[in-house]
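Engineer: File data-v6.txt below, compact mmCIF, C-alpha atoms:
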# COMPACT_ATOMS: atom_id res chain seq x y z
CA MET A 200 -28.20 -109.34 22.00
CA LYS A 201 -25.08 -107.17 21.75
CA ILE A 202 -24.42 -105.28 18.53
CA LEU A 203 -21.15 -103.50 17.69
CA ILE A 204 -21.66 -100.45 15.48
CA VAL A 205 -18.47 -99.46 13.64
CA GLU A 206 -19.21 -96.02 12.22
CA ASP A 207 -17.25 -92.76 12.35
CA GLU A 208 -20.07 -90.42 11.31
CA LYS A 209 -21.60 -89.47 14.64
CA LYS A 210 -24.97 -88.55 13.18
CA VAL A 211 -25.28 -91.96 11.52
CA SER A 212 -23.97 -93.90 14.52
CA ARG A 213 -26.38 -92.16 16.90
CA PHE A 214 -29.24 -92.83 14.49
CA VAL A 215 -28.42 -96.54 14.24
CA GLU A 216 -27.70 -96.85 17.95
CA ARG A 217 -31.01 -95.27 18.93
CA ALA A 218 -32.96 -97.45 16.49
CA LEU A 219 -31.36 -100.66 17.76
CA ASN A 220 -31.78 -99.66 21.41
CA GLU A 221 -35.48 -99.14 20.77
CA GLN A 222 -35.58 -102.77 19.61
CA ALA A 223 -34.00 -103.89 22.92
CA TYR A 224 -30.53 -104.51 21.48
CA THR A 225 -27.49 -103.58 23.56
CA THR A 226 -25.11 -101.50 21.45
CA HIS A 227 -21.61 -100.10 21.48
CA VAL A 228 -20.23 -97.60 18.98
CA ALA A 229 -16.65 -97.67 17.71
CA GLY A 230 -15.56 -94.80 15.46
CA SER A 231 -12.34 -96.27 14.10
CA CYS A 232 -10.61 -99.53 13.20
CA ALA A 233 -8.54 -99.37 16.38
CA ALA A 234 -11.59 -98.82 18.57
CA ALA A 235 -13.42 -101.65 16.82
CA ARG A 236 -10.51 -104.05 17.36
CA ASP A 237 -10.37 -103.17 21.05
CA ALA A 238 -14.14 -103.50 21.46
CA LEU A 239 -14.27 -106.94 19.88
CA ALA A 240 -11.26 -108.12 21.86
CA ASP A 241 -12.76 -107.01 25.17
CA THR A 242 -16.42 -107.97 24.77
CA PRO A 243 -18.38 -110.67 22.93
CA TYR A 244 -20.85 -109.37 20.33
CA ASP A 245 -23.64 -111.19 18.53
CA ALA A 246 -23.34 -109.11 15.34
CA VAL A 247 -21.48 -106.17 13.83
CA VAL A 248 -22.77 -103.28 11.71
CA LEU A 249 -19.67 -102.18 9.79
CA ASP A 250 -18.94 -98.99 7.87
CA LEU A 251 -16.08 -99.19 5.37
CA GLY A 252 -14.72 -95.65 5.24
CA LEU A 253 -13.07 -95.32 8.64
CA PRO A 254 -10.53 -92.62 9.61
CA ASP A 255 -7.65 -95.04 10.30
CA GLY A 256 -8.26 -97.73 7.71
CA ASP A 257 -10.63 -99.67 5.50
CA GLY A 258 -13.48 -101.64 7.04
CA LEU A 259 -12.85 -104.44 4.56
CA ASP A 260 -9.37 -104.97 5.99
CA LEU A 261 -10.93 -105.11 9.43
CA LEU A 262 -13.45 -107.69 8.21
CA ARG A 263 -10.67 -109.79 6.69
CA GLU A 264 -8.76 -109.74 10.00
CA TRP A 265 -11.82 -110.79 12.00
CA ARG A 266 -12.67 -113.70 9.75
CA ALA A 267 -9.05 -114.87 9.71
CA SER A 268 -8.99 -114.79 13.53
CA GLY A 269 -12.10 -116.97 13.80
CA PHE A 270 -14.81 -114.39 14.44
CA ASN A 271 -17.90 -116.01 12.91
CA GLU A 272 -20.75 -113.79 14.05
CA PRO A 273 -22.86 -111.93 11.45
CA VAL A 274 -21.38 -108.78 9.90
CA LEU A 275 -23.64 -106.36 8.04
CA ILE A 276 -21.78 -103.79 5.96
CA LEU A 277 -23.35 -100.33 5.95
CA SER A 278 -21.53 -98.17 3.41
CA ALA A 279 -21.79 -95.35 0.90
CA ARG A 280 -19.87 -97.56 -1.53
CA ASP A 281 -22.79 -98.95 -3.49
CA ALA A 282 -21.11 -100.19 -6.68
CA VAL A 283 -21.77 -103.84 -7.50
CA GLN A 284 -18.06 -104.72 -7.28
CA ASP A 285 -17.87 -103.21 -3.79
CA ARG A 286 -20.76 -105.38 -2.63
CA ILE A 287 -19.28 -108.48 -4.22
CA ARG A 288 -15.90 -107.84 -2.61
CA GLY A 289 -17.44 -107.29 0.80
CA LEU A 290 -19.47 -110.49 0.59
CA ASN A 291 -16.48 -112.47 -0.68
CA LEU A 292 -14.40 -111.27 2.27
CA GLY A 293 -16.94 -112.63 4.72
CA ALA A 294 -19.74 -110.10 5.14
CA ASP A 295 -23.17 -111.64 5.62
CA ASP A 296 -25.09 -108.74 4.12
CA TYR A 297 -24.46 -105.36 2.47
CA LEU A 298 -26.73 -102.34 2.84
CA PRO A 299 -25.78 -99.17 0.91
CA LYS A 300 -26.24 -95.66 2.27
CA PRO A 301 -28.63 -93.90 2.41
CA PHE A 302 -30.69 -96.64 4.02
CA SER A 303 -34.01 -97.32 5.67
CA VAL A 304 -33.68 -98.02 9.39
CA ASP A 305 -36.57 -100.47 9.14
CA GLU A 306 -34.70 -102.40 6.47
CA LEU A 307 -31.53 -102.33 8.57
CA ILE A 308 -33.36 -103.82 11.55
CA ALA A 309 -35.11 -106.41 9.38
CA ARG A 310 -31.85 -107.52 7.80
CA LEU A 311 -30.09 -107.68 11.16
CA ARG A 312 -32.89 -109.76 12.64
CA SER A 313 -32.69 -112.11 9.68
CA LEU A 314 -28.94 -112.57 10.11
CA LEU A 315 -29.26 -113.23 13.84
CA ARG A 316 -32.12 -115.67 13.29
CA ARG A 317 -30.16 -117.51 10.61
CA GLN A 318 -27.06 -117.60 12.79
CA GLY A 319 -29.03 -119.02 15.69
CA GLY A 320 -30.50 -121.79 13.60
CA ALA A 321 -27.30 -122.76 11.83
CA LYS A 322 -25.23 -123.84 14.80
CA THR A 323 -23.84 -127.34 14.62
CA THR A 324 -24.54 -129.93 17.29
CA VAL A 325 -21.18 -131.69 17.11
CA LEU A 326 -17.79 -129.97 17.52
CA GLU A 327 -14.51 -131.70 16.74
CA HIS A 328 -10.87 -130.65 17.08
CA ARG A 329 -7.63 -132.65 17.41
CA GLY A 330 -9.35 -135.86 18.45
CA ILE A 331 -11.80 -134.12 20.77
CA ARG A 332 -15.47 -134.68 19.94
CA MET A 333 -18.20 -132.70 21.73
CA ASP A 334 -21.85 -133.64 21.31
CA LEU A 335 -23.83 -130.55 22.28
CA LEU A 336 -27.17 -132.36 22.32
CA GLY A 337 -25.98 -135.39 24.24
CA ARG A 338 -23.80 -133.19 26.48
CA ASN A 339 -20.88 -135.60 26.27
CA VAL A 340 -17.22 -135.30 25.27
CA THR A 341 -14.67 -137.85 24.10
CA THR A 342 -10.97 -137.56 23.27
CA GLY A 343 -9.55 -140.27 21.07
CA GLY A 344 -12.86 -142.06 21.49
CA VAL A 345 -12.53 -142.17 25.28
CA PRO A 346 -15.27 -140.45 27.34
CA VAL A 347 -14.15 -137.47 29.45
CA GLU A 348 -16.12 -136.30 32.48
CA LEU A 349 -16.59 -132.53 32.64
CA THR A 350 -18.36 -130.21 35.02
CA THR A 351 -20.94 -127.82 33.58
CA ARG A 352 -18.45 -124.92 33.60
CA GLU A 353 -15.69 -127.05 32.06
CA PHE A 354 -18.07 -128.17 29.31
CA SER A 355 -19.09 -124.58 28.55
CA LEU A 356 -15.48 -123.38 28.51
CA LEU A 357 -14.36 -126.17 26.18
CA GLU A 358 -17.35 -125.45 23.93
CA LEU A 359 -16.32 -121.79 23.73
CA PHE A 360 -12.81 -122.76 22.62
CA LEU A 361 -14.08 -125.32 20.09
CA LEU A 362 -16.36 -122.69 18.58
CA ASN A 363 -13.38 -120.33 18.19
CA PRO A 364 -10.36 -122.40 17.10
CA GLY A 365 -7.27 -120.29 16.56
CA ARG A 366 -8.90 -117.15 17.94
CA VAL A 367 -7.35 -115.46 20.98
CA LEU A 368 -10.05 -115.25 23.65
CA THR A 369 -9.54 -112.51 26.23
CA ARG A 370 -10.24 -113.11 29.90
CA THR A 371 -13.09 -110.59 29.73
CA PHE A 372 -14.62 -112.40 26.74
CA ILE A 373 -14.42 -115.75 28.56
CA ALA A 374 -15.86 -114.30 31.76
CA GLU A 375 -18.84 -112.76 29.98
CA LYS A 376 -19.56 -115.87 27.93
CA ILE A 377 -19.12 -118.49 30.66
CA TRP A 378 -19.96 -116.58 33.84
CA GLU A 379 -22.29 -114.11 32.07
CA ALA A 380 -20.70 -111.16 33.82
CA SER A 381 -17.44 -109.32 34.16
CA TYR A 382 -15.52 -110.23 37.28
CA ASP A 383 -12.50 -109.13 39.26
CA MET A 384 -9.67 -109.76 36.82
CA GLU A 385 -7.25 -110.26 39.73
CA THR A 386 -8.90 -113.56 40.59
CA ASN A 387 -7.52 -116.78 39.10
CA LEU A 388 -10.88 -118.43 38.42
CA ILE A 389 -10.34 -118.68 34.67
CA ASP A 390 -6.77 -119.96 35.18
CA VAL A 391 -8.09 -122.75 37.38
CA TYR A 392 -10.56 -123.92 34.73
CA ILE A 393 -7.97 -123.67 31.96
CA ARG A 394 -5.64 -125.90 33.99
CA ARG A 395 -8.44 -128.43 34.48
CA LEU A 396 -9.00 -128.67 30.73
CA ARG A 397 -5.28 -129.00 30.09
CA VAL A 398 -4.99 -131.86 32.55
CA LYS A 399 -7.92 -133.69 30.95
CA PHE A 400 -7.00 -133.17 27.29
CA GLU A 401 -3.28 -132.45 26.90
CA LEU A 402 -0.86 -135.38 26.66
CA PRO A 403 2.80 -135.13 27.73
CA GLY A 404 5.12 -134.43 24.82
CA THR A 405 2.38 -133.16 22.51
CA GLU A 406 1.62 -129.64 21.34
CA PRO A 407 -0.39 -127.73 23.97
CA LEU A 408 -4.11 -127.71 23.27
CA ILE A 409 -4.72 -124.34 24.92
CA ARG A 410 -2.00 -121.72 24.63
CA THR A 411 -1.54 -118.78 26.94
CA VAL A 412 -1.08 -115.57 24.91
CA ARG A 413 0.66 -113.19 27.30
CA GLY A 414 -1.21 -109.96 27.85
CA SER A 415 -4.10 -111.12 25.65
CA GLY A 416 -5.77 -114.32 26.79
CA TYR A 417 -5.96 -117.93 25.60
CA GLN A 418 -6.01 -119.67 22.24
CA LEU A 419 -7.11 -123.15 21.15
CA ALA A 420 -4.20 -124.49 19.11
Here is the file; what I need is its structure written in the form of structure tokens.

Structural biologist:
Amino acid sequence: MKILIVEDEKKVSRFVERALNEQAYTTHVAGSCAAARDALADTPYDAVVLDLGLPDGDGLDLLREWRASGFNEPVLILSARDAVQDRIRGLNLGADDYLPKPFSVDELIARLRSLLRRQGGAKTTVLEHRGIRMDLLGRNVTTGGVPVELTTREFSLLELFLLNPGRVLTRTFIAEKIWEASYDMETNLIDVYIRRLRVKFELPGTEPLIRTVRGSGYQLA
């Protein structure tokens, strides 16, 4: 499990990072909004621990951006803002939990585990988008009601896009999710698989299903 810690106070970030590492979580610390954006664009994370008072912006604005872009993983706000209205606003903007500072590291870990467990059990078994229907249990896909044969990699790649409609997926993100490792970005392996999906699901004269976002990655339209 990969956890992104967005916290500018080094003492707090080291404390949280050490505690999560001891629980076998893989962590990365971002000390600003810009660093957090870059981290989430480059690498897939299973959850985010988010501070609100960051040096280059408000964590709530960052949260709003992520939710609008299709990032659906759990976000736990960790903040010194402990007023009821602050908690309500954070939860309304898409946070899954809110833990005020100062905090107990045991409670932090317990809450994070709960969010990850809930997220794992809440995943749907059928994904649908623009006439495409993917049955995750039956491992079959149809478009317009017509069955489409996919290889294992093609199925996984299409599933990744269907789970993130409208979100720009970077090549690194796709590589780590589908191939479970970073790879030489000069290769055209991802391009080949994107073309295969386009051939199987895009019809001439219609809006492209998968858009190429220059310099960024790909997006399910």

Engineer: At what distance in Å, to one decimal, does atom CA of A:Gly256 lie from atom CA of A:Ile287?

Structural biologist: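 Computing the Euclidean distance for atom CA of A:Ile287 and atom CA of A:Gly256 yields 19.5 Å.
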
Engineer: Could you give me, as CSV, a per-residue list for stretch 233-285 of chain A showing, wherever an atom lies at most 12 Å from an atom of stretch 352-375 of chain A, the closest pair of atoms and their distance in Å to one decimal, using all atoms listed in the file and sorting by chain then residue number from low to high?

Structural biologist:
residue,atom,partner,partner_atom,distance
A:Asp237,CA,A:Thr369,CA,10.7
A:Ala238,CA,A:Phe372,CA,10.4
A:Leu239,CA,A:Phe372,CA,8.8
A:Ala240,CA,A:Thr369,CA,6.4
A:Asp241,CA,A:Thr371,CA,5.8
A:Thr242,CA,A:Phe372,CA,5.2
A:Pro243,CA,A:Phe372,CA,5.6
A:Tyr244,CA,A:Phe372,CA,9.4
A:Glu264,CA,A:Arg366,CA,10.9
A:Trp265,CA,A:Arg366,CA,9.2
A:Arg266,CA,A:Arg366,CA,9.7
A:Ala267,CA,A:Arg366,CA,8.5
A:Ser268,CA,A:Arg366,CA,5.0
A:Gly269,CA,A:Arg366,CA,5.2
A:Phe270,CA,A:Asn363,CA,7.2
A:Asn271,CA,A:Asn363,CA,8.2
A:Glu272,CA,A:Asn363,CA,10.7

Engineer: What lies within 10 Å of A:Gly289 using only C-alpha atoms, ignoring chain neighbours under 2 positions off, as a list in words?

Structural biologist: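 Neighbouring residues, sequence-local ones excluded: Leu251, Gly258, Leu259, Asp260, Leu262, Arg263, Leu275, Ile276, Val283, Gln284, Asp285, Arg286, Ile287, Asn291, Leu292, Gly293, Ala294, Asp295, Asp296 and Tyr297 of chain A.
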
Engineer: Select, from A:Val205, A:Phe214, A:Thr342, A:Tyr224, the residue with the minimum atom-to-atom distance to A:Pro254, counting all atoms listed in the file.

Structural biologist: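 Smallest distance to A:Pro254 is found for A:Val205.
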
Engineer: Report, in Å to a single decimal, how far apart atom CA of A:Arg280 and atom CA of A:Arg213 are.

Structural biologist: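 Pair atom CA of A:Arg213 / atom CA of A:Arg280 returns 20.3 Å.
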
Engineer: Kindly give the distance, in Å, that separates atom CA of A:Val228 and atom CA of A:Ile204, rounded to a single decimal.

Structural biologist: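 We find that atom CA of A:Val228 and atom CA of A:Ile204 lie 4.7 Å from each other.
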
Engineer: When distances are computed from all atoms listed in the file, which of A:Leu335, A:Val211, A:Leu261, A:Ala246 shows the smallest separation from A:Pro301?

Structural biologist: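 Distance minimum relative to A:Pro301 lands on A:Val211.
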
Engineer: Could you tell me which of A:Met200, A:Val345, A:Leu402, A:Leu249 comes closest to A:Gln222 if we count only C-alpha atoms?

Structural biologist: A:Met200

Engineer: Calculated over only C-alpha atoms, which of the candidates A:Arg217, A:Gly252, A:Asp207, A:Lys300 has the smallest distance to A:Gly230?

Structural biologist: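 Checking each candidate against A:Gly230, we get A:Asp207 as the closest.
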
Engineer: Select, from A:Lys376, A:Arg329, A:Arg338, A:Lys210, the residue with the minimum atom-to-atom distance to A:Pro407, counting all atoms listed in the file.

Structural biologist: A:Arg329

Engineer: Using all atoms listed in the file, collect all residues at a distance of at most 6 Å from (-7.0, -126.3, 22.1) as written in the file, then present them as a list in words.

Structural biologist: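 Within the cut-off we find Leu408, Ile409, Leu419 and Ala420 of chain A.
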
Engineer: Between A:Pro346, A:Ser278, A:Ser415, A:Arg394, which is the closest to A:Asp334 once you count only C-alpha atoms?

Structural biologist: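 For A:Asp334, the nearest of the candidates is A:Pro346.
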